[in-house]
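Below is start-v6.tsv, holding TSV, C-alpha atoms and all ligand atoms.
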```tsv
chain	number	residue	atom	x	y	z
A	1	MET	CA	34.42	-13.60	-46.79
A	2	ILE	CA	34.56	-15.39	-50.11
A	3	ILE	CA	37.50	-14.22	-52.18
A	4	ALA	CA	37.32	-14.02	-55.94
A	5	GLU	CA	39.22	-12.43	-58.79
A	6	ARG	CA	38.11	-11.41	-62.22
A	7	LYS	CA	38.78	-13.73	-65.12
A	8	PRO	CA	40.77	-12.33	-68.05
A	9	VAL	CA	38.52	-10.07	-70.14
A	10	ASN	CA	39.12	-11.91	-73.41
A	11	GLU	CA	37.80	-15.12	-71.81
A	12	ILE	CA	34.64	-13.32	-70.74
A	13	VAL	CA	34.19	-11.69	-74.15
A	14	GLU	CA	34.53	-15.14	-75.74
A	15	MET	CA	31.81	-16.54	-73.42
A	16	VAL	CA	29.33	-13.93	-74.64
A	17	LYS	CA	30.40	-13.90	-78.28
A	18	ASP	CA	26.90	-14.81	-79.48
A	19	ALA	CA	25.08	-12.40	-77.21
A	20	LYS	CA	24.16	-8.97	-78.54
A	21	ARG	CA	22.72	-7.83	-75.23
A	22	VAL	CA	24.56	-8.64	-72.03
A	23	LEU	CA	23.49	-8.16	-68.43
A	24	VAL	CA	26.55	-7.76	-66.20
A	25	LEU	CA	25.42	-8.51	-62.68
A	26	GLY	CA	27.44	-7.66	-59.59
A	27	CYS	CA	26.84	-8.61	-55.98
A	28	ARG	CA	27.07	-6.33	-52.96
A	29	GLY	CA	28.28	-9.17	-50.74
A	30	CYS	CA	31.80	-10.59	-50.39
A	31	VAL	CA	32.87	-9.84	-53.96
A	32	SER	CA	32.22	-6.14	-53.38
A	33	VAL	CA	34.44	-6.20	-50.32
A	34	CYS	CA	37.26	-7.99	-52.14
A	35	SER	CA	36.85	-5.63	-55.14
A	36	ALA	CA	36.13	-8.43	-57.60
A	37	GLY	CA	32.46	-8.03	-58.42
A	38	GLY	CA	30.85	-5.00	-56.83
A	39	GLU	CA	29.35	-1.91	-58.40
A	40	ARG	CA	32.69	-0.45	-59.45
A	41	GLU	CA	33.83	-3.68	-61.08
A	42	VAL	CA	30.51	-3.98	-62.91
A	43	GLU	CA	31.08	-0.57	-64.44
A	44	LEU	CA	34.56	-1.59	-65.56
A	45	LEU	CA	33.61	-4.98	-66.93
A	46	SER	CA	30.65	-3.49	-68.82
A	47	SER	CA	33.02	-1.08	-70.47
A	48	LEU	CA	35.55	-3.83	-71.23
A	49	ILE	CA	32.91	-6.08	-72.77
A	50	ARG	CA	31.75	-3.22	-75.00
A	51	LEU	CA	35.36	-2.55	-75.99
A	52	GLY	CA	35.98	-6.25	-76.67
A	53	LYS	CA	32.92	-6.40	-78.85
A	54	GLN	CA	33.81	-3.13	-80.60
A	55	LYS	CA	37.20	-4.60	-81.40
A	56	GLN	CA	35.46	-7.46	-83.16
A	57	GLY	CA	33.42	-4.94	-85.11
A	58	GLN	CA	30.25	-5.75	-83.18
A	59	LYS	CA	28.03	-3.46	-81.26
A	60	ALA	CA	26.80	-4.74	-77.94
A	61	GLU	CA	24.29	-3.41	-75.50
A	62	VAL	CA	25.55	-3.96	-71.99
A	63	ILE	CA	23.41	-3.34	-68.93
A	64	GLY	CA	25.33	-3.18	-65.65
A	65	ALA	CA	23.54	-3.74	-62.35
A	66	THR	CA	24.33	-4.96	-58.85
A	67	LEU	CA	22.12	-7.09	-56.62
A	68	VAL	CA	22.20	-7.08	-52.83
A	69	ARG	CA	23.23	-10.74	-52.98
A	70	GLN	CA	23.10	-13.47	-55.57
A	71	CYS	CA	22.85	-16.32	-53.08
A	72	ASP	CA	19.26	-15.68	-52.01
A	73	LYS	CA	16.20	-16.37	-54.12
A	74	GLU	CA	14.47	-13.11	-53.27
A	75	TYR	CA	17.34	-11.05	-54.72
A	76	VAL	CA	17.94	-13.28	-57.73
A	77	ASP	CA	14.25	-12.87	-58.61
A	78	GLU	CA	14.93	-9.16	-59.08
A	79	ILE	CA	16.50	-10.11	-62.41
A	80	ASP	CA	12.92	-10.19	-63.71
A	81	GLN	CA	13.07	-6.42	-64.13
A	82	TRP	CA	15.48	-6.81	-67.07
A	83	GLN	CA	13.59	-9.71	-68.62
A	84	GLY	CA	13.63	-9.53	-72.42
A	85	ARG	CA	16.51	-7.04	-72.44
A	86	TYR	CA	19.46	-9.45	-72.41
A	87	ASP	CA	20.65	-12.55	-74.24
A	88	ALA	CA	23.14	-13.59	-71.57
A	89	ILE	CA	23.98	-12.83	-67.96
A	90	VAL	CA	27.57	-12.38	-66.84
A	91	SER	CA	27.63	-12.80	-63.08
A	92	MET	CA	30.39	-11.15	-61.09
A	93	ALA	CA	29.33	-12.94	-57.90
A	94	CYS	CA	31.18	-15.95	-56.55
A	95	GLY	CA	30.34	-19.37	-57.95
A	96	VAL	CA	27.40	-19.58	-55.58
A	97	GLY	CA	25.72	-16.67	-57.33
A	98	VAL	CA	26.23	-18.20	-60.77
A	99	ASN	CA	24.78	-21.51	-59.57
A	100	PHE	CA	21.81	-19.75	-58.00
A	101	ILE	CA	20.98	-17.96	-61.22
A	102	ALA	CA	21.32	-21.24	-63.14
A	103	ASN	CA	19.11	-23.03	-60.57
A	104	LEU	CA	16.41	-20.39	-60.52
A	105	ARG	CA	16.36	-19.24	-64.11
A	106	PRO	CA	16.18	-22.27	-66.41
A	107	ASN	CA	15.90	-20.17	-69.57
A	108	ASP	CA	18.73	-17.75	-68.87
A	109	GLN	CA	22.29	-18.33	-70.01
A	110	VAL	CA	24.66	-17.35	-67.24
A	111	PHE	CA	28.46	-17.08	-67.35
A	112	PRO	CA	31.01	-16.54	-64.55
A	113	ALA	CA	33.11	-13.40	-64.64
A	114	VAL	CA	35.28	-14.31	-61.66
A	115	ASN	CA	37.31	-17.20	-60.35
A	116	THR	CA	36.19	-17.97	-56.81
A	117	THR	CA	39.36	-18.76	-54.95
A	118	SER	CA	38.95	-19.09	-51.21
A	119	PHE	CA	37.54	-18.01	-47.86
A	120	GLY	CA	39.85	-15.40	-46.53
A	121	GLY	CA	40.46	-11.93	-45.31
A	122	SER	CA	42.50	-8.84	-45.96
A	123	ALA	CA	45.12	-7.79	-43.44
A	124	GLU	CA	46.65	-5.20	-45.75
A	125	GLN	CA	45.09	-3.17	-48.51
A	126	GLY	CA	44.81	-5.00	-51.80
A	127	VAL	CA	46.00	-8.37	-50.44
A	128	TRP	CA	43.70	-11.26	-49.48
A	129	SER	CA	44.74	-14.58	-48.03
A	130	GLU	CA	42.98	-17.85	-47.44
A	131	GLN	CA	42.10	-18.63	-43.81
A	132	CYS	CA	39.49	-21.41	-43.83
A	133	ALA	CA	38.65	-24.19	-46.26
A	134	GLY	CA	35.11	-24.83	-45.06
A	135	CYS	CA	35.92	-28.38	-44.02
A	136	GLY	CA	32.69	-28.80	-42.04
A	137	ASP	CA	34.32	-30.12	-38.87
A	138	CYS	CA	36.25	-27.25	-37.38
A	139	VAL	CA	39.34	-27.99	-35.28
A	140	LEU	CA	40.29	-24.43	-34.39
A	141	HIS	CA	39.62	-25.08	-30.68
A	142	LEU	CA	42.54	-27.53	-30.77
A	143	THR	CA	44.90	-25.43	-32.86
A	144	GLY	CA	44.89	-22.05	-31.16
A	145	GLY	CA	42.49	-20.57	-33.69
A	146	LEU	CA	44.82	-21.16	-36.65
A	147	CYS	CA	43.59	-23.43	-39.42
A	148	PRO	CA	45.78	-26.37	-40.43
A	149	VAL	CA	43.38	-27.45	-43.18
A	150	ALA	CA	43.53	-24.23	-45.18
A	151	ARG	CA	46.87	-22.84	-44.08
A	152	CYS	CA	49.16	-25.87	-43.98
A	153	ALA	CA	50.16	-26.84	-47.52
A	154	LYS	CA	49.59	-30.50	-46.64
A	155	SER	CA	46.53	-29.96	-44.42
A	156	LEU	CA	48.31	-31.91	-41.70
A	157	MET	CA	46.37	-32.68	-38.53
A	158	ASN	CA	49.51	-33.55	-36.55
A	159	GLY	CA	52.03	-31.02	-37.73
A	160	PRO	CA	54.52	-29.75	-38.42
A	161	CYS	CA	55.84	-32.03	-41.11
A	162	GLY	CA	59.46	-31.33	-40.16
A	163	GLY	CA	60.35	-29.52	-43.35
A	164	SER	CA	59.81	-25.92	-42.34
A	165	VAL	CA	62.82	-23.61	-42.26
A	166	GLU	CA	62.87	-20.59	-39.96
A	167	GLY	CA	59.14	-20.62	-39.67
A	168	ARG	CA	58.53	-20.76	-43.42
A	169	CYS	CA	56.67	-23.61	-45.12
A	170	GLU	CA	58.80	-25.99	-47.13
A	171	ILE	CA	56.31	-25.89	-50.00
A	172	HIS	CA	55.94	-22.12	-50.26
A	173	GLN	CA	58.84	-20.06	-48.92
A	174	GLU	CA	56.65	-16.98	-48.89
A	175	VAL	CA	54.07	-18.37	-46.46
A	176	PRO	CA	54.58	-19.05	-42.78
A	177	CYS	CA	54.46	-22.63	-41.51
A	178	ILE	CA	51.13	-22.46	-39.75
A	179	TRP	CA	52.07	-25.40	-37.56
A	180	GLN	CA	54.96	-23.45	-36.14
A	181	PHE	CA	52.50	-20.67	-35.31
A	182	ILE	CA	50.10	-23.18	-33.77
A	183	HIS	CA	52.86	-24.51	-31.50
A	184	GLU	CA	53.98	-21.03	-30.52
A	185	ARG	CA	50.46	-19.94	-29.71
A	186	LEU	CA	49.55	-23.02	-27.68
A	187	ASN	CA	52.82	-22.79	-25.78
A	188	ARG	CA	52.05	-19.17	-24.97
A	189	PHE	CA	48.79	-20.31	-23.39
A	190	GLU	CA	50.48	-23.26	-21.69
A	191	ARG	CA	48.40	-25.70	-23.64
A	192	ARG	CA	51.26	-27.93	-24.70
A	193	GLN	CA	49.20	-30.99	-23.75
A	194	ASP	CA	46.87	-30.22	-26.67
A	195	LEU	CA	49.81	-30.71	-28.97
A	196	GLU	CA	50.68	-34.07	-27.50
A	197	ARG	CA	47.30	-35.47	-28.34
A	198	VAL	CA	47.43	-37.39	-31.64
A	199	ALA	CA	44.65	-36.28	-33.91
A	200	PRO	CA	42.86	-39.31	-35.30
A	201	ILE	CA	42.57	-40.07	-39.00
A	202	ARG	CA	40.13	-37.59	-40.35
A	203	ASP	CA	36.79	-38.29	-41.91
A	204	TRP	CA	36.72	-35.89	-44.84
A	205	ARG	CA	33.10	-36.50	-45.77
A	206	SER	CA	32.13	-33.28	-44.04
A	207	ALA	CA	34.59	-31.46	-46.30
A	208	GLY	CA	32.67	-32.32	-49.45
A	209	HIS	CA	34.23	-35.70	-50.11
A	210	GLY	CA	30.83	-37.18	-49.25
A	211	GLY	CA	29.01	-35.18	-51.94
A	212	PRO	CA	27.42	-31.74	-51.84
A	213	ARG	CA	26.75	-30.49	-48.34
A	214	LYS	CA	23.49	-29.13	-47.11
A	215	THR	CA	22.48	-27.35	-43.93
A	216	VAL	CA	18.91	-27.64	-42.71
A	217	ARG	CA	17.72	-25.66	-39.71
A	218	ASP	CA	14.40	-27.04	-38.56
A	219	ASP	CA	13.86	-24.01	-36.39
A	220	LEU	CA	13.95	-21.80	-39.47
A	221	THR	CA	12.04	-23.88	-42.01
A	222	VAL	CA	8.32	-23.34	-41.99
B	1	MET	CA	47.62	9.70	-95.72
B	2	ALA	CA	49.03	10.51	-92.31
B	3	PHE	CA	46.81	9.35	-89.51
B	4	THR	CA	45.82	11.90	-86.87
B	5	PRO	CA	45.19	10.15	-83.57
B	6	ASP	CA	42.60	11.27	-81.08
B	7	ILE	CA	44.57	11.72	-77.85
B	8	GLN	CA	42.85	12.26	-74.53
B	9	VAL	CA	45.12	13.80	-71.92
B	10	PHE	CA	44.08	13.45	-68.28
B	11	CYS	CA	46.12	15.69	-66.03
B	12	CYS	CA	45.90	17.03	-62.55
B	13	HIS	CA	45.29	20.63	-61.64
B	14	TYR	CA	48.89	21.13	-60.58
B	15	THR	CA	50.75	19.74	-63.55
B	16	SER	CA	48.48	21.54	-66.01
B	17	GLN	CA	47.98	24.84	-64.21
B	18	GLN	CA	50.31	26.97	-66.26
B	19	ALA	CA	49.82	24.97	-69.44
B	20	LEU	CA	46.18	25.95	-69.30
B	21	ALA	CA	46.99	29.53	-68.40
B	22	GLU	CA	48.77	29.76	-71.77
B	23	GLY	CA	45.40	29.31	-73.49
B	24	PRO	CA	44.86	27.24	-76.64
B	25	GLU	CA	46.86	29.57	-78.88
B	26	GLY	CA	49.76	29.74	-76.50
B	27	LEU	CA	49.82	25.96	-76.15
B	28	ALA	CA	49.63	25.50	-79.90
B	29	ALA	CA	52.52	27.92	-80.33
B	30	ASP	CA	54.52	25.79	-77.87
B	31	GLY	CA	53.88	22.76	-80.09
B	32	PHE	CA	51.10	21.06	-78.13
B	33	PRO	CA	49.38	18.72	-80.63
B	34	ALA	CA	46.05	20.09	-81.87
B	35	ASN	CA	44.61	16.56	-81.78
B	36	ALA	CA	45.16	16.22	-78.01
B	37	THR	CA	42.33	17.14	-75.67
B	38	ILE	CA	43.05	18.08	-72.08
B	39	ASN	CA	40.77	16.66	-69.39
B	40	ARG	CA	41.63	18.31	-66.13
B	41	LEU	CA	41.26	16.58	-62.76
B	42	VAL	CA	41.49	18.12	-59.32
B	43	CYS	CA	44.04	15.44	-58.47
B	44	GLY	CA	45.42	12.29	-60.10
B	45	GLY	CA	43.93	10.38	-57.17
B	46	LYS	CA	40.49	11.26	-58.57
B	47	LEU	CA	41.19	9.48	-61.83
B	48	LYS	CA	38.89	6.52	-62.41
B	49	VAL	CA	39.77	3.45	-64.45
B	50	SER	CA	36.28	3.70	-65.90
B	51	SER	CA	36.99	7.22	-67.23
B	52	LEU	CA	40.05	5.95	-69.08
B	53	LEU	CA	38.10	3.05	-70.55
B	54	ALA	CA	35.24	5.40	-71.47
B	55	ALA	CA	37.74	7.51	-73.43
B	56	PHE	CA	38.59	4.44	-75.53
B	57	GLU	CA	34.90	3.63	-75.94
B	58	GLN	CA	34.33	7.13	-77.21
B	59	GLY	CA	36.98	6.77	-79.88
B	60	ALA	CA	40.29	7.79	-78.36
B	61	ASP	CA	43.30	6.22	-80.07
B	62	GLY	CA	45.39	6.79	-77.01
B	63	VAL	CA	45.20	8.13	-73.49
B	64	CYS	CA	47.91	9.97	-71.69
B	65	VAL	CA	47.86	10.65	-67.95
B	66	ILE	CA	50.03	13.36	-66.42
B	67	GLY	CA	50.54	13.72	-62.71
B	68	CYS	CA	53.08	15.07	-60.25
B	69	ARG	CA	56.35	13.30	-59.60
B	70	PRO	CA	55.61	10.38	-57.28
B	71	ASP	CA	57.56	11.83	-54.38
B	72	GLU	CA	56.37	15.40	-54.91
B	73	CYS	CA	52.65	14.97	-55.36
B	74	HIS	CA	50.69	17.94	-54.05
B	75	ASN	CA	48.26	15.49	-52.46
B	76	LEU	CA	50.93	12.98	-51.40
B	77	MET	CA	49.64	9.81	-53.06
B	78	GLY	CA	47.44	11.15	-55.87
B	79	SER	CA	49.81	10.61	-58.76
B	80	GLN	CA	50.86	7.18	-57.44
B	81	ARG	CA	47.22	6.17	-57.38
B	82	ALA	CA	46.76	7.47	-60.92
B	83	ALA	CA	49.78	5.40	-62.00
B	84	ARG	CA	48.21	2.25	-60.50
B	85	ARG	CA	45.00	2.89	-62.43
B	86	VAL	CA	46.94	3.37	-65.64
B	87	LEU	CA	48.58	0.00	-64.98
B	88	ALA	CA	45.14	-1.56	-64.53
B	89	VAL	CA	44.08	-0.18	-67.92
B	90	LYS	CA	47.31	-1.41	-69.54
B	91	LYS	CA	46.59	-4.88	-68.19
B	92	ALA	CA	43.01	-4.79	-69.48
B	93	LEU	CA	44.23	-3.67	-72.92
B	94	GLU	CA	46.70	-6.55	-72.95
B	95	GLU	CA	43.92	-8.98	-72.06
B	96	LEU	CA	41.96	-7.66	-75.02
B	97	GLU	CA	45.07	-8.01	-77.20
B	98	VAL	CA	45.41	-4.29	-77.78
B	99	GLU	CA	48.77	-2.50	-77.50
B	100	PRO	CA	49.20	-1.43	-73.84
B	101	GLU	CA	51.27	1.55	-75.05
B	102	ARG	CA	48.00	3.22	-76.00
B	103	VAL	CA	47.80	4.39	-72.43
B	104	ALA	CA	50.73	5.98	-70.64
B	105	MET	CA	51.48	7.68	-67.35
B	106	PHE	CA	53.92	10.57	-67.07
B	107	HIS	CA	55.15	12.06	-63.83
B	108	LEU	CA	56.14	15.69	-64.37
B	109	GLU	CA	57.18	18.65	-62.36
B	110	ARG	CA	54.34	20.91	-61.38
B	111	GLY	CA	53.52	24.03	-63.34
B	112	PHE	CA	54.11	24.69	-67.00
B	113	HIS	CA	57.03	22.87	-68.31
B	114	PRO	CA	58.19	22.11	-71.82
B	115	GLU	CA	57.94	18.47	-70.72
B	116	PHE	CA	54.14	18.72	-70.65
B	117	VAL	CA	54.20	19.48	-74.36
B	118	ARG	CA	56.99	17.01	-75.06
B	119	VAL	CA	55.21	13.99	-73.58
B	120	THR	CA	52.05	14.70	-75.58
B	121	GLN	CA	54.16	15.04	-78.72
B	122	GLU	CA	55.81	11.71	-77.88
B	123	MET	CA	52.42	10.12	-77.40
B	124	ASN	CA	51.28	11.59	-80.70
B	125	GLU	CA	54.25	10.05	-82.52
B	126	LYS	CA	53.76	6.69	-80.85
B	127	LEU	CA	50.09	6.60	-81.77
B	128	GLN	CA	50.84	7.59	-85.34
B	129	GLN	CA	53.07	4.51	-85.53
B	130	LEU	CA	50.48	2.28	-83.88
B	131	GLY	CA	47.65	3.45	-86.11
B	132	PRO	CA	43.96	3.77	-85.27
B	133	SER	CA	42.59	2.15	-82.13
B	134	PRO	CA	41.46	-1.45	-82.73
B	135	PHE	CA	38.34	-0.56	-80.75
B	136	LYS	CA	37.23	1.44	-83.75
B	137	GLY	CA	36.79	-1.85	-85.58
B	138	GLU	CA	33.30	-0.85	-86.49
B	139	LYS	CA	34.28	2.44	-88.01
B	140	ARG	CA	37.41	1.32	-89.84
A	301	LIG	S1	39.29	-26.52	-39.46
A	301	LIG	FE1	37.86	-26.56	-41.19
A	301	LIG	S2	36.17	-25.21	-40.61
A	301	LIG	FE2	37.84	-24.82	-39.16
A	301	LIG	S3	38.94	-23.07	-40.06
A	301	LIG	FE3	39.93	-24.93	-40.85
A	301	LIG	S4	38.90	-25.42	-42.77
A	301	LIG	FE4	37.64	-23.92	-41.68
A	302	LIG	S1	56.25	-26.69	-43.47
A	302	LIG	FE1	54.54	-26.36	-42.02
A	302	LIG	S2	52.90	-25.46	-43.27
A	302	LIG	FE2	54.39	-26.33	-44.69
A	302	LIG	S3	53.65	-28.38	-45.09
A	302	LIG	FE3	55.08	-28.59	-43.36
A	302	LIG	S4	53.81	-28.39	-41.55
A	302	LIG	FE4	52.55	-27.68	-43.25
```

In structure tokens, what does this structure look like?
Ligand code: SF4
Ligand code: SF4
Amino acid sequence: MIIAERKPVNEIVEMVKDAKRVLVLGCRGCVSVCSAGGEREVELLSSLIRLGKQKQGQKAEVIGATLVRQCDKEYVDEIDQWQGRYDAIVSMACGVGVNFIANLRPNDQVFPAVNTTSFGGSAEQGVWSEQCAGCGDCVLHLTGGLCPVARCAKSLMNGPCGGSVEGRCEIHQEVPCIWQFIHERLNRFERRQDLERVAPIRDWRSAGHGGPRKTVRDDLTV
Amino acid sequence: MAFTPDIQVFCCHYTSQQALAEGPEGLAADGFPANATINRLVCGGKLKVSSLLAAFEQGADGVCVIGCRPDECHNLMGSQRAARRVLAVKKALEELEVEPERVAMFHLERGFHPEFVRVTQEMNEKLQQLGPSPFKGEKR
């Protein structure tokens, strides 16, 4: 899922300083699962925005609501039901949601309530870690299912770099050297030969270095 | 003129059981501040961050949460969960540049205990020093 975390409240209050009526909009997708922008967080942020405004001696009307998703037009269009009742939207969805609202609603001011950080997962309660960087040309079939793009500090394609100590990355002591894990896993499956193959220089255009990426499925477009 | 803070006390069933059995007069006689309101929860684990924030929205100058000792909680983790939520509120207050001391967690022995009264008195004194809640900007 997409991982996000809420921005500091004072930054959000500053974004909406000129708005008397604020629509705080959560998303039931990834940000609900990572507890950054679901229903519960909408309730909290609404309260915090009111408190922030109260502190400045202003009264603010805050509507809190949560859409099924903010990355699909049909759900974003549901914002129509609050039309005329807000001066600004604070989106608690990932950056995709904020962009979608900006794309689809030319007359609405929209502000981000979260920092979108990565694609990851949660192996223990309350902790999320990055697993994939969305590079557009997946190599997991060569690396035992472990991603060197997202999980090696240097995104090496022919690792390890030689700097790891006892299985820990030389850049961040607290994270494992993913290349050590890749070697261990491939050895376990007797796929050492995969490690001997030199990965060619990578074309990073698929990773966004060639401009915004787009997926078109002819079988689904009408 | 001395300022009388509005204190909202959130406490679990177990830590407040006997305090409540004393009744308002009994509690007052023990020295429980008249300006503190008890909000009873079945368990600290039930405490919601939004309830604590709502208390501030409704004009509380400070919020005090009382739960079992961490290792003796009647429901095992309830008071530890409450403490985490208090920390979340402290952090939010800091982000809004409001004194985090306006919310505090106390872990007490279960049943009536002079400590129950003492921590609310302490909170009362602290809030008198801090003055009215900055969230009352409008009303000040
Ligand atoms: S190789 Fe690319 S697509 Fe595959 S997991 Fe890593 S970042 Fe994601
Ligand atoms: S120590 Fe391992 S994870 Fe860290 S940069 Fe080197 S190869 Fe990558």

*Could you please extract the residues within 7 Å of ligand LIG 302 (chain A), counting only C-alpha atoms and all ligand atoms, and hand them back as a PyMOL selection string?*
chain A and resi 151-156+159-164+168-171+176-180

What are the closest atom pairs, with distances in Å to one decimal, for all residues of chain A lying within 6 Å of ligand LIG 301 (chain A)? Consider only C-alpha atoms and all ligand atoms, order rows by chain and residue number, and present the result as a Markdown table.
```
| residue | atom | partner | partner_atom | distance |
| --- | --- | --- | --- | --- |
| A:Cys132 | CA | A:LIG301 | FE4 | 3.8 |
| A:Ala133 | CA | A:LIG301 | S4 | 3.7 |
| A:Gly134 | CA | A:LIG301 | FE4 | 4.3 |
| A:Cys135 | CA | A:LIG301 | FE1 | 3.9 |
| A:Gly136 | CA | A:LIG301 | S2 | 5.2 |
| A:Asp137 | CA | A:LIG301 | S2 | 5.5 |
| A:Cys138 | CA | A:LIG301 | FE2 | 3.4 |
| A:Val139 | CA | A:LIG301 | S1 | 4.4 |
| A:Leu140 | CA | A:LIG301 | FE2 | 5.4 |
| A:Cys147 | CA | A:LIG301 | FE3 | 4.2 |
| A:Val149 | CA | A:LIG301 | FE3 | 4.9 |
| A:Ala150 | CA | A:LIG301 | S4 | 5.4 |
```

Within 7 Å of (37.0, -10.6, -74.3) in the file's own coordinates, which protein, DNA or RNA residues have an atom, counting all atoms listed in the file? List them as a compact mmCIF listing (two decimals) with C-alpha atoms, in the frame of the given file.
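Result file part-v6.txt:
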```
# COMPACT_ATOMS: atom_id res chain seq x y z
CA VAL A 9 38.52 -10.07 -70.14
CA ASN A 10 39.12 -11.91 -73.41
CA GLU A 11 37.80 -15.12 -71.81
CA ILE A 12 34.64 -13.32 -70.74
CA VAL A 13 34.19 -11.69 -74.15
CA GLU A 14 34.53 -15.14 -75.74
CA ILE A 49 32.91 -6.08 -72.77
CA GLY A 52 35.98 -6.25 -76.67
CA LEU B 96 41.96 -7.66 -75.02
```

*Could the residues of chain A within 8 Å of chain B, counting all atoms listed in the file, be given as a PyMOL selection string, please?*
chain A and resi 8-10+43-44+47-48+50-52+54-59

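Straight-line separation from CA of Gly44 (chain B) to CA of Gly121 (chain A): 28.8 Å.
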
_Applying 9 Å and all atoms listed in the file, which residues near Cys34 (chain A) remain after dropping the ones on its own chain fewer than 2 positions away? List them as a PyMOL selection string._
chain A and resi 1-5+30-32+36-38+121-122+126-128

Store the residues picked out above, limited to C-alpha atoms, as a CSV table (one decimal), in the coordinates of the input.
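Wrote again.csv, looks like this:
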```csv
chain,number,residue,atom,x,y,z
A,1,MET,CA,34.4,-13.6,-46.8
A,2,ILE,CA,34.6,-15.4,-50.1
A,3,ILE,CA,37.5,-14.2,-52.2
A,4,ALA,CA,37.3,-14.0,-55.9
A,5,GLU,CA,39.2,-12.4,-58.8
A,30,CYS,CA,31.8,-10.6,-50.4
A,31,VAL,CA,32.9,-9.8,-54.0
A,32,SER,CA,32.2,-6.1,-53.4
A,36,ALA,CA,36.1,-8.4,-57.6
A,37,GLY,CA,32.5,-8.0,-58.4
A,38,GLY,CA,30.8,-5.0,-56.8
A,121,GLY,CA,40.5,-11.9,-45.3
A,122,SER,CA,42.5,-8.8,-46.0
A,126,GLY,CA,44.8,-5.0,-51.8
A,127,VAL,CA,46.0,-8.4,-50.4
A,128,TRP,CA,43.7,-11.3,-49.5
```

*For Arg21 (chain A), which residue among A:Ser46, A:Ser129, A:Ser35, A:Gln81 is the nearest when counting all atoms listed in the file?*
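Looking only at the distances to Arg21 (chain A), the closest residue turns out to be A:Ser46.
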
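Across B:Phe3, B:His107, B:Phe116, B:Ser79, the tightest approach to Ser16 (chain B) is made by B:Phe116 when counting only C-alpha atoms.
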
_Atom pair CA of Leu47 (chain B) / CA of Gln17 (chain B): separation (Å)_ = 17.0 Å

*Within 12 Å of Arg118 (chain B), counting all atoms listed in the file, which residues show up once you throw out same-chain ones fewer than 5 positions away? Write them as a PyMOL selection string, please.*
chain B and resi 27+30-33+64+66+106+108+112-113+123-125

Save out the residues we just selected, C-alpha atoms, as a compact mmCIF listing (two decimals), in the coordinates of the input.
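Done, and the output landed in result-v1.txt:
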```
# COMPACT_ATOMS: atom_id res chain seq x y z
CA LEU B 27 49.82 25.96 -76.15
CA ASP B 30 54.52 25.79 -77.87
CA GLY B 31 53.88 22.76 -80.09
CA PHE B 32 51.10 21.06 -78.13
CA PRO B 33 49.38 18.72 -80.63
CA CYS B 64 47.91 9.97 -71.69
CA ILE B 66 50.03 13.36 -66.42
CA PHE B 106 53.92 10.57 -67.07
CA LEU B 108 56.14 15.69 -64.37
CA PHE B 112 54.11 24.69 -67.00
CA HIS B 113 57.03 22.87 -68.31
CA MET B 123 52.42 10.12 -77.40
CA ASN B 124 51.28 11.59 -80.70
CA GLU B 125 54.25 10.05 -82.52
```

_List as a PyMOL selection string the protein and nucleic acid residues near Val114 (chain A), meaning an atom at most 6 Å away when only C-alpha atoms are counted, but skip any in the same chain fewer than 6 places from it._
chain A and resi 5-7+92

C-alpha atoms of the current selection, written as a PDB file, keeping the file's coordinate frame:
```pdb
ATOM      1  CA  GLU A   5      39.220 -12.430 -58.790  1.00  0.00           C
ATOM      2  CA  ARG A   6      38.110 -11.410 -62.220  1.00  0.00           C
ATOM      3  CA  LYS A   7      38.780 -13.730 -65.120  1.00  0.00           C
ATOM      4  CA  MET A  92      30.390 -11.150 -61.090  1.00  0.00           C
TER       5      MET A  92
END
```

*Could you name the residues that touch region 67-77 of chain B at 9 Å or less, counting all atoms listed in the file, but leaving out those on the same chain fewer than 6 positions away, as a PyMOL selection string?*
chain B and resi 10-16+43-45+83+105-110

*Please indicate the distance in Å from CA of Gln121 (chain B) to CA of Asp61 (chain B), rounded to one decimal place.*
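Value for the CA of Gln121 (chain B)-CA of Asp61 (chain B) distance: 14.1 Å.
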
*Which residues come within 10 Å of Gly26 (chain A), counting only C-alpha atoms, excluding same-chain residues fewer than 3 positions away, as a PyMOL selection string?*
chain A and resi 23+29+31-32+36-43+45+64-70+90-94+97+113

Would you output that residue set with C-alpha atoms, as a CSV table (one decimal), in the coordinates of the input?
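Saved result, selection-v7.csv, follows:
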```csv
chain,number,residue,atom,x,y,z
A,23,LEU,CA,23.5,-8.2,-68.4
A,29,GLY,CA,28.3,-9.2,-50.7
A,31,VAL,CA,32.9,-9.8,-54.0
A,32,SER,CA,32.2,-6.1,-53.4
A,36,ALA,CA,36.1,-8.4,-57.6
A,37,GLY,CA,32.5,-8.0,-58.4
A,38,GLY,CA,30.8,-5.0,-56.8
A,39,GLU,CA,29.4,-1.9,-58.4
A,40,ARG,CA,32.7,-0.4,-59.4
A,41,GLU,CA,33.8,-3.7,-61.1
A,42,VAL,CA,30.5,-4.0,-62.9
A,43,GLU,CA,31.1,-0.6,-64.4
A,45,LEU,CA,33.6,-5.0,-66.9
A,64,GLY,CA,25.3,-3.2,-65.6
A,65,ALA,CA,23.5,-3.7,-62.4
A,66,THR,CA,24.3,-5.0,-58.8
A,67,LEU,CA,22.1,-7.1,-56.6
A,68,VAL,CA,22.2,-7.1,-52.8
A,69,ARG,CA,23.2,-10.7,-53.0
A,70,GLN,CA,23.1,-13.5,-55.6
A,90,VAL,CA,27.6,-12.4,-66.8
A,91,SER,CA,27.6,-12.8,-63.1
A,92,MET,CA,30.4,-11.2,-61.1
A,93,ALA,CA,29.3,-12.9,-57.9
A,94,CYS,CA,31.2,-16.0,-56.6
A,97,GLY,CA,25.7,-16.7,-57.3
A,113,ALA,CA,33.1,-13.4,-64.6
```
